[in-house]
$ cat query39.csv   # CSV, C-alpha atoms and all ligand atoms
chain,number,residue,atom,x,y,z
A,71,MET,CA,0.0,0.0,0.0
A,72,LYS,CA,1.3,3.4,-1.0
A,73,ARG,CA,1.0,6.2,1.6
A,74,ALA,CA,1.3,10.0,1.3
A,75,CYS,CA,0.6,12.8,3.7
A,76,VAL,CA,0.3,16.5,4.2
A,77,ILE,CA,2.9,18.0,6.6
A,78,GLY,CA,1.9,21.2,8.4
A,79,TRP,CA,1.8,23.0,11.7
A,80,PRO,CA,-1.1,23.1,12.4
A,81,VAL,CA,-2.5,20.7,9.8
A,82,GLU,CA,-6.0,20.1,11.0
A,83,HIS,CA,-7.5,22.7,8.6
A,84,SER,CA,-5.9,21.2,5.5
A,85,ARG,CA,-8.4,20.2,2.7
A,86,SER,CA,-5.8,17.9,1.0
A,87,PRO,CA,-6.9,14.7,2.8
A,88,MET,CA,-10.4,15.2,1.6
A,89,ILE,CA,-9.2,15.6,-2.0
A,90,HIS,CA,-6.7,12.8,-2.2
A,91,ARG,CA,-8.9,10.3,-0.3
A,92,TYR,CA,-11.7,11.1,-2.7
A,93,TRP,CA,-9.5,10.2,-5.6
A,94,LEU,CA,-8.1,7.1,-3.9
A,95,SER,CA,-11.6,5.8,-3.4
A,96,LEU,CA,-12.8,6.8,-6.9
A,97,TYR,CA,-9.9,5.0,-8.7
A,98,GLY,CA,-9.9,2.0,-6.3
A,99,ILE,CA,-6.3,2.5,-5.4
A,100,ASP,CA,-4.7,0.6,-2.5
A,101,GLY,CA,-3.3,3.8,-0.8
A,102,ALA,CA,-3.7,6.1,2.1
A,103,TYR,CA,-3.3,9.8,2.7
A,104,GLU,CA,-2.6,11.1,6.3
A,105,LYS,CA,-2.2,14.3,8.2
A,106,GLU,CA,1.2,14.9,9.9
A,107,ALA,CA,1.4,17.7,12.4
A,108,VAL,CA,5.1,18.4,12.5
A,109,PRO,CA,6.5,21.4,14.6
A,110,PRO,CA,8.9,23.8,12.8
A,111,GLY,CA,12.1,22.5,14.4
A,112,GLU,CA,11.4,18.9,13.2
A,113,ALA,CA,10.1,19.6,9.7
A,114,ARG,CA,13.4,19.2,7.8
A,115,ALA,CA,14.3,15.9,9.6
A,116,PHE,CA,10.8,14.6,9.0
A,117,MET,CA,11.0,15.4,5.2
A,118,ARG,CA,14.5,13.9,4.9
A,119,SER,CA,13.2,10.6,6.4
A,120,LEU,CA,9.8,10.4,4.6
A,121,GLY,CA,10.6,6.9,3.4
A,122,GLU,CA,11.3,5.7,7.0
A,123,HIS,CA,8.0,7.1,8.0
A,124,GLY,CA,6.4,4.9,5.3
A,125,TYR,CA,5.6,7.6,2.8
A,126,VAL,CA,6.2,7.8,-1.0
A,127,GLY,CA,5.6,11.6,-0.9
A,128,ALA,CA,3.9,14.5,0.7
A,129,ASN,CA,2.1,17.8,0.4
A,130,VAL,CA,3.6,20.6,2.5
A,131,THR,CA,1.6,23.4,3.9
A,132,LEU,CA,2.3,26.4,6.1
A,133,PRO,CA,4.7,27.1,7.6
A,134,HIS,CA,7.0,24.5,6.0
A,135,LYS,CA,7.0,25.4,2.3
A,136,LEU,CA,10.5,27.1,2.4
A,137,VAL,CA,12.0,24.2,4.5
A,138,ALA,CA,10.6,21.7,2.0
A,139,LEU,CA,12.5,23.4,-0.9
A,140,GLU,CA,15.7,23.5,1.1
A,141,ALA,CA,15.4,19.9,2.3
A,142,ALA,CA,15.0,18.4,-1.2
A,143,ASP,CA,17.8,16.9,-3.3
A,144,VAL,CA,16.1,17.8,-6.6
A,145,LYS,CA,14.0,20.9,-7.1
A,146,ASP,CA,12.0,21.6,-10.3
A,147,GLU,CA,11.9,24.9,-12.1
A,148,ALA,CA,8.6,26.0,-10.6
A,149,ALA,CA,9.8,25.3,-7.0
A,150,ARG,CA,13.1,27.2,-7.6
A,151,ALA,CA,11.4,30.2,-9.2
A,152,ILE,CA,8.7,30.4,-6.6
A,153,GLY,CA,11.2,29.8,-3.8
A,154,ALA,CA,9.0,27.3,-2.0
A,155,ALA,CA,7.7,23.7,-2.4
A,156,ASN,CA,4.3,22.2,-1.7
A,157,THR,CA,4.8,18.7,-3.2
A,158,LEU,CA,7.5,16.2,-2.4
A,159,TRP,CA,8.2,12.7,-3.7
A,160,LEU,CA,10.9,10.0,-3.5
A,161,ASP,CA,12.2,9.0,-6.9
A,162,ALA,CA,13.5,5.5,-7.9
A,163,ASP,CA,17.0,6.4,-6.5
A,164,GLY,CA,15.4,7.4,-3.1
A,165,LYS,CA,16.2,11.1,-3.8
A,166,LEU,CA,13.8,13.6,-2.3
A,167,ASN,CA,12.2,15.7,-5.2
A,168,ALA,CA,10.3,19.0,-4.7
A,169,SER,CA,7.9,20.9,-6.8
A,170,ASN,CA,5.5,23.8,-6.4
A,171,THR,CA,2.2,23.1,-8.0
A,172,ASP,CA,0.3,26.3,-7.0
A,173,ALA,CA,1.1,28.1,-10.2
A,174,TYR,CA,0.0,25.0,-12.2
A,175,GLY,CA,-3.2,24.9,-10.1
A,176,PHE,CA,-4.0,28.6,-10.5
A,177,MET,CA,-3.3,28.7,-14.3
A,178,THR,CA,-5.0,25.5,-15.1
A,179,ASN,CA,-8.2,26.6,-13.4
A,180,LEU,CA,-7.9,30.1,-15.0
A,181,ALA,CA,-7.5,28.6,-18.4
A,182,GLU,CA,-10.6,26.4,-17.8
A,183,GLN,CA,-12.9,29.1,-16.3
A,184,ALA,CA,-11.7,32.0,-18.4
A,185,PRO,CA,-9.7,30.8,-21.4
A,186,ARG,CA,-9.5,34.3,-22.9
A,187,TRP,CA,-7.9,35.9,-19.8
A,188,ASN,CA,-4.9,37.1,-21.9
A,189,ASP,CA,-5.5,39.2,-25.0
A,190,GLY,CA,-1.8,40.1,-25.0
A,191,ARG,CA,-2.5,43.8,-24.6
A,192,ARG,CA,-4.2,44.6,-21.3
A,193,PRO,CA,-2.3,44.4,-18.0
A,194,VAL,CA,-3.2,42.1,-15.2
A,195,VAL,CA,-3.6,43.6,-11.7
A,196,VAL,CA,-2.4,41.4,-8.8
A,197,LEU,CA,-3.2,42.3,-5.2
A,198,GLY,CA,-0.9,40.8,-2.6
A,199,ALA,CA,2.8,39.9,-2.3
A,200,GLY,CA,2.8,36.8,0.0
A,201,GLY,CA,3.7,33.2,-0.8
A,202,ALA,CA,0.6,32.6,-3.0
A,203,ALA,CA,1.3,35.8,-5.0
A,204,ARG,CA,4.7,34.6,-6.0
A,205,ALA,CA,3.2,31.4,-7.4
A,206,VAL,CA,0.5,33.4,-9.2
A,207,LEU,CA,3.0,35.8,-10.7
A,208,TYR,CA,5.2,33.0,-11.9
A,209,GLY,CA,2.3,31.3,-13.6
A,210,LEU,CA,0.9,34.4,-15.2
A,211,ILE,CA,4.3,35.4,-16.6
A,212,LYS,CA,5.2,31.9,-17.8
A,213,ALA,CA,1.8,31.8,-19.6
A,214,GLY,CA,2.5,35.0,-21.5
A,215,ALA,CA,1.1,37.9,-19.4
A,216,SER,CA,2.9,40.9,-20.9
A,217,LYS,CA,2.4,43.3,-18.0
A,218,VAL,CA,1.5,42.8,-14.3
A,219,LEU,CA,0.6,45.7,-12.0
A,220,LEU,CA,1.3,44.6,-8.4
A,221,ALA,CA,-0.1,46.3,-5.3
A,222,ASN,CA,0.5,45.2,-1.8
A,223,ARG,CA,-0.2,46.8,1.6
A,224,SER,CA,3.5,46.6,2.5
A,225,ARG,CA,5.1,48.1,-0.6
A,226,ALA,CA,8.6,46.8,0.1
A,227,ARG,CA,7.4,43.2,-0.1
A,228,ALA,CA,5.9,43.9,-3.6
A,229,ASP,CA,9.2,45.6,-4.6
A,230,ASP,CA,11.1,42.5,-3.6
A,231,LEU,CA,8.7,40.2,-5.5
A,232,ALA,CA,8.9,42.4,-8.7
A,233,LEU,CA,12.7,42.0,-8.7
A,234,ALA,CA,12.2,38.3,-9.3
A,235,PHE,CA,10.2,38.9,-12.4
A,236,PRO,CA,11.7,41.9,-14.3
A,237,PRO,CA,10.7,43.7,-16.4
A,238,ARG,CA,7.1,42.6,-16.6
A,239,VAL,CA,6.0,43.4,-13.1
A,240,GLU,CA,5.4,47.1,-12.1
A,241,VAL,CA,4.7,47.9,-8.5
A,242,LEU,CA,1.9,50.3,-7.4
A,243,ASP,CA,1.0,51.7,-4.1
A,244,TRP,CA,-1.8,49.8,-2.3
A,245,GLU,CA,-3.8,53.1,-2.4
A,246,ALA,CA,-3.6,53.1,-6.2
A,247,ARG,CA,-5.4,49.8,-6.6
A,248,ASP,CA,-8.8,51.3,-7.7
A,249,ARG,CA,-7.2,53.4,-10.4
A,250,ALA,CA,-5.0,50.5,-11.7
A,251,LEU,CA,-8.2,48.7,-12.8
A,252,ALA,CA,-8.8,51.1,-15.7
A,253,GLY,CA,-8.0,49.1,-18.8
A,254,CYS,CA,-7.0,45.9,-17.1
A,255,GLY,CA,-8.1,42.5,-18.4
A,256,LEU,CA,-7.7,40.4,-15.3
A,257,LEU,CA,-7.8,41.3,-11.5
A,258,VAL,CA,-6.4,38.7,-9.1
A,259,ASN,CA,-6.7,38.8,-5.3
A,260,THR,CA,-4.0,36.8,-3.7
A,261,THR,CA,-4.3,38.6,-0.3
A,262,SER,CA,-6.0,36.8,2.6
A,263,LEU,CA,-8.6,39.6,2.7
A,264,GLY,CA,-12.1,38.2,2.2
A,265,MET,CA,-11.2,35.0,3.9
A,266,ARG,CA,-13.5,33.8,6.7
A,267,GLY,CA,-12.4,35.6,9.9
A,268,GLN,CA,-10.5,38.4,8.0
A,269,ALA,CA,-11.7,41.8,6.8
A,270,PRO,CA,-13.2,41.9,3.3
A,271,LEU,CA,-11.1,43.3,0.5
A,272,THR,CA,-12.1,46.9,-0.1
A,273,ILE,CA,-11.8,47.9,-3.7
A,274,ASP,CA,-13.9,50.0,-6.0
A,275,LEU,CA,-14.5,48.1,-9.2
A,276,GLY,CA,-16.0,51.2,-11.0
A,277,ARG,CA,-13.1,51.5,-13.4
A,278,LEU,CA,-12.8,47.8,-14.3
A,279,PRO,CA,-13.8,47.1,-17.9
A,280,SER,CA,-17.0,45.2,-18.1
A,281,ASP,CA,-15.4,42.3,-20.0
A,282,ALA,CA,-12.5,41.9,-17.5
A,283,ILE,CA,-12.1,38.7,-15.4
A,284,VAL,CA,-11.9,38.8,-11.6
A,285,ALA,CA,-10.2,35.9,-9.8
A,286,ASP,CA,-10.0,35.4,-6.1
A,287,ILE,CA,-7.7,32.6,-4.7
A,288,VAL,CA,-9.4,32.8,-1.3
A,289,TYR,CA,-11.6,29.6,-1.2
A,290,SER,CA,-13.2,29.9,2.2
A,291,PRO,CA,-15.8,31.2,1.7
A,292,LEU,CA,-16.1,30.2,-2.0
A,293,GLU,CA,-18.0,33.3,-3.0
A,294,THR,CA,-16.1,36.3,-1.5
A,295,ARG,CA,-17.5,39.8,-1.5
A,296,LEU,CA,-15.1,40.6,-4.4
A,297,LEU,CA,-16.5,37.8,-6.6
A,298,ALA,CA,-20.1,38.7,-5.7
A,299,GLU,CA,-19.5,42.3,-6.7
A,300,ALA,CA,-17.7,41.3,-9.9
A,301,ARG,CA,-20.6,39.0,-10.9
A,302,LYS,CA,-23.1,41.7,-10.2
A,303,ARG,CA,-21.4,44.0,-12.7
A,304,GLY,CA,-21.3,41.2,-15.3
A,305,ASN,CA,-17.6,40.4,-15.0
A,306,ILE,CA,-16.5,36.7,-15.2
A,307,ALA,CA,-15.7,35.6,-11.7
A,308,VAL,CA,-13.2,32.8,-10.9
A,309,ASP,CA,-13.2,31.4,-7.4
A,310,GLY,CA,-10.3,29.7,-5.5
A,311,LEU,CA,-11.6,26.2,-5.4
A,312,GLY,CA,-10.3,25.2,-8.8
A,313,MET,CA,-6.7,26.2,-7.9
A,314,LEU,CA,-6.9,24.2,-4.7
A,315,LEU,CA,-8.1,21.1,-6.6
A,316,TYR,CA,-5.7,21.4,-9.6
A,317,GLN,CA,-2.7,22.0,-7.4
A,318,ALA,CA,-3.3,18.5,-6.0
A,319,VAL,CA,-3.2,16.7,-9.4
A,320,PRO,CA,0.6,16.4,-10.0
A,321,GLY,CA,1.3,15.1,-6.5
A,322,PHE,CA,-1.4,12.4,-6.7
A,323,GLU,CA,-0.1,11.3,-10.1
A,324,ARG,CA,3.5,11.1,-8.8
A,325,TRP,CA,2.6,9.1,-5.7
A,326,PHE,CA,-0.2,6.8,-6.9
A,327,GLY,CA,0.5,6.5,-10.7
A,328,VAL,CA,-2.9,7.8,-11.9
A,329,ARG,CA,-3.5,11.3,-13.2
A,330,PRO,CA,-6.7,12.2,-11.4
A,331,GLU,CA,-9.5,14.4,-12.8
A,332,VAL,CA,-11.0,17.5,-11.4
A,333,THR,CA,-14.7,16.9,-11.9
A,334,PRO,CA,-17.9,18.8,-11.0
A,335,ALA,CA,-18.5,16.0,-8.5
A,336,LEU,CA,-15.2,16.6,-6.7
A,337,LYS,CA,-15.8,20.3,-6.7
A,338,ALA,CA,-19.3,19.8,-5.2
A,339,HIS,CA,-17.8,17.4,-2.6
A,340,VAL,CA,-15.2,19.9,-1.4
A,341,ALA,CA,-17.4,23.0,-1.8
A,342,SER,CA,-20.0,21.5,0.5
A,343,THR,CA,-17.4,21.9,3.3
A,344,LEU,CA,-16.5,25.5,2.5
A,345,GLY,CA,-19.7,27.4,3.1
A,346,GLY,CA,-21.2,30.3,1.3
A,347,HIS,CA,-20.7,34.0,2.1
A,401,LIG,N1,-6.8,28.6,-3.8
A,401,LIG,C1,-5.7,28.0,-3.4
A,401,LIG,O1,-5.3,26.9,-3.7
A,401,LIG,C2,-4.8,28.8,-2.5
A,401,LIG,C3,-3.4,28.5,-2.4
A,401,LIG,C4,-2.6,29.3,-1.6
A,401,LIG,C5,-3.1,30.3,-0.9
A,401,LIG,N2,-4.5,30.6,-0.9
A,401,LIG,C6,-5.1,31.7,-0.2
A,401,LIG,O2,-4.4,32.9,-0.5
A,401,LIG,C7,-4.4,33.8,0.6
A,401,LIG,C8,-2.9,34.3,0.8
A,401,LIG,O3,-2.1,33.2,1.1
A,401,LIG,P1,-0.5,33.4,1.3
A,401,LIG,O4,0.1,32.1,1.6
A,401,LIG,O5,0.1,34.2,0.2
A,401,LIG,O6,-0.4,34.3,2.7
A,401,LIG,P2,0.7,35.3,3.1
A,401,LIG,O7,2.0,34.8,2.6
A,401,LIG,O8,0.5,35.4,4.6
A,401,LIG,O9,0.3,36.7,2.4
A,401,LIG,C9,-0.8,37.4,2.9
A,401,LIG,C10,-1.1,38.6,1.9
A,401,LIG,O10,-2.3,39.2,2.3
A,401,LIG,C11,-2.0,40.6,2.6
A,401,LIG,N3,-2.8,41.1,3.7
A,401,LIG,C12,-3.1,40.4,4.9
A,401,LIG,N4,-3.8,41.2,5.7
A,401,LIG,C13,-4.0,42.4,5.0
A,401,LIG,C14,-4.8,43.6,5.3
A,401,LIG,N5,-5.4,43.7,6.5
A,401,LIG,N6,-4.8,44.6,4.4
A,401,LIG,C15,-4.1,44.4,3.2
A,401,LIG,N7,-3.4,43.3,2.9
A,401,LIG,C16,-3.4,42.3,3.8
A,401,LIG,C17,-0.5,40.6,3.0
A,401,LIG,O11,0.0,41.9,2.8
A,401,LIG,P3,1.3,42.4,3.7
A,401,LIG,O12,2.5,41.9,2.9
A,401,LIG,O13,1.2,43.8,3.7
A,401,LIG,O14,1.2,41.7,5.0
A,401,LIG,C18,0.0,39.6,1.9
A,401,LIG,O15,0.1,40.2,0.7
A,401,LIG,C19,-4.9,33.0,1.8
A,401,LIG,O16,-6.3,33.3,1.9
A,401,LIG,C20,-4.8,31.5,1.3
A,401,LIG,O17,-5.8,30.7,1.9
A,401,LIG,C21,-5.3,29.9,-1.7
$ encode --input "query39.csv" --output "structure tokens"
Amino acid sequence: MKRACVIGWPVEHSRSPMIHRYWLSLYGIDGAYEKEAVPPGEARAFMRSLGEHGYVGANVTLPHKLVALEAADVKDEAARAIGAANTLWLDADGKLNASNTDAYGFMTNLAEQAPRWNDGRRPVVVLGAGGAARAVLYGLIKAGASKVLLANRSRARADDLALAFPPRVEVLDWEARDRALAGCGLLVNTTSLGMRGQAPLTIDLGRLPSDAIVADIVYSPLETRLLAEARKRGNIAVDGLGMLLYQAVPGFERWFGVRPEVTPALKAHVASTLGGH
């Protein structure tokens, strides 16, 4: 029996077990997916001895994504560019491999929900400069976004992030976010604003073109105030659930040998635990 896990601290909130166990059962695979609560001081050693713990691989969640990259023997391009890893596996030589599948998850979902997100002319506005923003920026630029306008509450963090992706990322002040929407083709919220328990994102969508797309990577609740307001104005709204599900696909395939599908039934299964507004 093959076993994988999610490593975090805390780890209780993780949705990964629900997703991977759904696929294990759907495809009739003799496998298991566990939760491993590992404190920060022990994370590296745990990852370096995944095999001894009986695992073929793992997902890694907060706060261990940087350590996961560091601990790996082999790191793919996405993990190196994003500077963090969320997926680990042991290869045939027993080497620990690391990837970051958040950019893949975000872009695959965006391409599915809004295939015309990039007309090659209009800029993308990205709000936030945390760990998720780095993955989103990497994905957007790799997929051909010609210009990204980046705004974050702490400007210095956005400046740092933009340095990683010159010259296509331009930093704006957080206060300039409303004005930046004029002429943009896609707005992405990567901040934690709008998440259950957090303040909502305050932004005036008045200048946003009526055919622009609005994506929010927050998935709890599924329908954030930002998405509800976008929908009300007729903009295409893309929620964060698809990213969460697609980022799980490459890991499952590595560990269990089947490329799993993201289906409406899986979306409904996970969405039922996320709540509405
Ligand atoms: N759908 C998915 O699969 C997926 C994947 C990853 C993450 N996410 C979600 O994405 C969100 C961000 O995750 P992360 O890992 O990037 O977190 P993070 O590294 O902690 O970054 C948080 C971001 O939110 C901003 N922020 C927090 N409070 C704010 C406030 N009061 N006003 C303005 N900005 C504020 C931060 O700005 P400062 O830099 O100024 O603090 C920063 O840009 C979370 O809700 C997470 O659940 C979803």
$ residues_around --input "query39.csv" --residues "A:Gly111" --least-positions-apart "5" --cutoff "12 Å" --atoms "all atoms listed in the file" --output "count of residues only"
7
$ residues_around --input "query39.csv" --residues "A:Gly153" --least-positions-apart "6" --cutoff "9 Å" --atoms "only C-alpha atoms" --output "JSON, numbers by chain"
{"A": [135, 136, 139, 170, 201, 204, 205]}
$ atom_distance --input "query39.csv" --atom1 "atom CA of A:Leu242" --atom2 "atom CA of A:Val218"
10.2 Å
$ closest_atom_pairs --input "query39.csv" --of "stretch 288-343 of chain A" --to "stretch 256-275 of chain A" --cutoff "10 Å" --atoms "all atoms listed in the file" --output "CSV"
residue,atom,partner,partner_atom,distance
A:Val288,CA,A:Met265,CA,5.9
A:Tyr289,CA,A:Met265,CA,7.4
A:Ser290,CA,A:Met265,CA,5.7
A:Pro291,CA,A:Arg266,CA,6.1
A:Leu292,CA,A:Met265,CA,9.0
A:Glu293,CA,A:Gly264,CA,9.3
A:Thr294,CA,A:Gly264,CA,5.8
A:Arg295,CA,A:Gly264,CA,6.7
A:Leu296,CA,A:Leu271,CA,6.9
A:Leu297,CA,A:Gly264,CA,9.8
A:Glu299,CA,A:Leu275,CA,8.1
A:Ala300,CA,A:Leu275,CA,7.5
A:Arg303,CA,A:Leu275,CA,8.8
A:Asn305,CA,A:Leu256,CA,9.9
A:Ile306,CA,A:Leu256,CA,9.5
A:Ala307,CA,A:Leu257,CA,9.7
A:Val308,CA,A:Val258,CA,9.2
A:Gly310,CA,A:Thr260,CA,9.7
$ closest_residue --input "query39.csv" --among "A:Arg192, A:Arg277, A:Arg73, A:Arg85" --to "A:Gln317" --atoms "all atoms listed in the file"
A:Arg85
$ closest_residue --input "query39.csv" --among "A:Ala341, A:Ser86, A:Arg301, A:Gly214" --to "A:Asp189" --atoms "all atoms listed in the file"
A:Gly214
$ closest_residue --input "query39.csv" --among "A:Asp243, A:Glu147, A:Asp281, A:Asp286" --to "ligand LIG 401 (chain A)" --atoms "only C-alpha atoms and all ligand atoms"
A:Asp286
$ closest_residue --input "query39.csv" --among "A:Gly253, A:Ala215, A:Leu158, A:Ala151" --to "A:Arg186" --atoms "all atoms listed in the file"
A:Ala215
$ closest_residue --input "query39.csv" --among "A:Ala221, A:Ala162, A:Met313, A:Ala138" --to "A:Glu240" --atoms "all atoms listed in the file"
A:Ala221
$ closest_residue --input "query39.csv" --among "A:Gly255, A:Gly200, A:Pro193, A:Gly321" --to "A:Arg238" --atoms "only C-alpha atoms"
A:Pro193
$ atom_distance --input "query39.csv" --atom1 "atom CA of A:Leu251" --atom2 "atom CA of A:Val239"
15.2 Å
$ residues_around --input "query39.csv" --residues "A:Ala168" --least-positions-apart "4" --cutoff "6 Å" --atoms "all atoms listed in the file" --output "list of chain:residue names"
A:Ala142, A:Lys145, A:Ala155, A:Thr157, A:Leu158
$ atom_distance --input "query39.csv" --atom1 "atom C13 of ligand LIG 401 (chain A)" --atom2 "atom CA of A:Leu314"
20.8 Å
$ residues_around --input "query39.csv" --residues "A:Arg118" --least-positions-apart "5" --cutoff "10 Å" --atoms "only C-alpha atoms" --output "list in words"
Ala113, His123, Ala138, Ala141, Ala142, Asp143, Leu160, Lys165 and Leu166 of chain A
$ residues_around --input "query39.csv" --residues "A:Pro87" --least-positions-apart "2" --cutoff "12 Å" --atoms "only C-alpha atoms" --output "NGL selection string"
:A and (73-77 or 81-85 or 89-95 or 102-106 or 128-129 or 315 or 318 or 322 or 340)
$ write_last_selection --input "query39.csv" --atoms "C-alpha atoms" --output "PDB file, keeping the file's coordinate frame"
ATOM      1  CA  ARG A  73       1.000   6.200   1.600  1.00  0.00           C
ATOM      2  CA  ALA A  74       1.300  10.000   1.300  1.00  0.00           C
ATOM      3  CA  CYS A  75       0.600  12.800   3.700  1.00  0.00           C
ATOM      4  CA  VAL A  76       0.300  16.500   4.200  1.00  0.00           C
ATOM      5  CA  ILE A  77       2.900  18.000   6.600  1.00  0.00           C
ATOM      6  CA  VAL A  81      -2.500  20.700   9.800  1.00  0.00           C
ATOM      7  CA  GLU A  82      -6.000  20.100  11.000  1.00  0.00           C
ATOM      8  CA  HIS A  83      -7.500  22.700   8.600  1.00  0.00           C
ATOM      9  CA  SER A  84      -5.900  21.200   5.500  1.00  0.00           C
ATOM     10  CA  ARG A  85      -8.400  20.200   2.700  1.00  0.00           C
ATOM     11  CA  ILE A  89      -9.200  15.600  -2.000  1.00  0.00           C
ATOM     12  CA  HIS A  90      -6.700  12.800  -2.200  1.00  0.00           C
ATOM     13  CA  ARG A  91      -8.900  10.300  -0.300  1.00  0.00           C
ATOM     14  CA  TYR A  92     -11.700  11.100  -2.700  1.00  0.00           C
ATOM     15  CA  TRP A  93      -9.500  10.200  -5.600  1.00  0.00           C
ATOM     16  CA  LEU A  94      -8.100   7.100  -3.900  1.00  0.00           C
ATOM     17  CA  SER A  95     -11.600   5.800  -3.400  1.00  0.00           C
ATOM     18  CA  ALA A 102      -3.700   6.100   2.100  1.00  0.00           C
ATOM     19  CA  TYR A 103      -3.300   9.800   2.700  1.00  0.00           C
ATOM     20  CA  GLU A 104      -2.600  11.100   6.300  1.00  0.00           C
ATOM     21  CA  LYS A 105      -2.200  14.300   8.200  1.00  0.00           C
ATOM     22  CA  GLU A 106       1.200  14.900   9.900  1.00  0.00           C
ATOM     23  CA  ALA A 128       3.900  14.500   0.700  1.00  0.00           C
ATOM     24  CA  ASN A 129       2.100  17.800   0.400  1.00  0.00           C
ATOM     25  CA  LEU A 315      -8.100  21.100  -6.600  1.00  0.00           C
ATOM     26  CA  ALA A 318      -3.300  18.500  -6.000  1.00  0.00           C
ATOM     27  CA  PHE A 322      -1.400  12.400  -6.700  1.00  0.00           C
ATOM     28  CA  VAL A 340     -15.200  19.900  -1.400  1.00  0.00           C
TER      29      VAL A 340
END
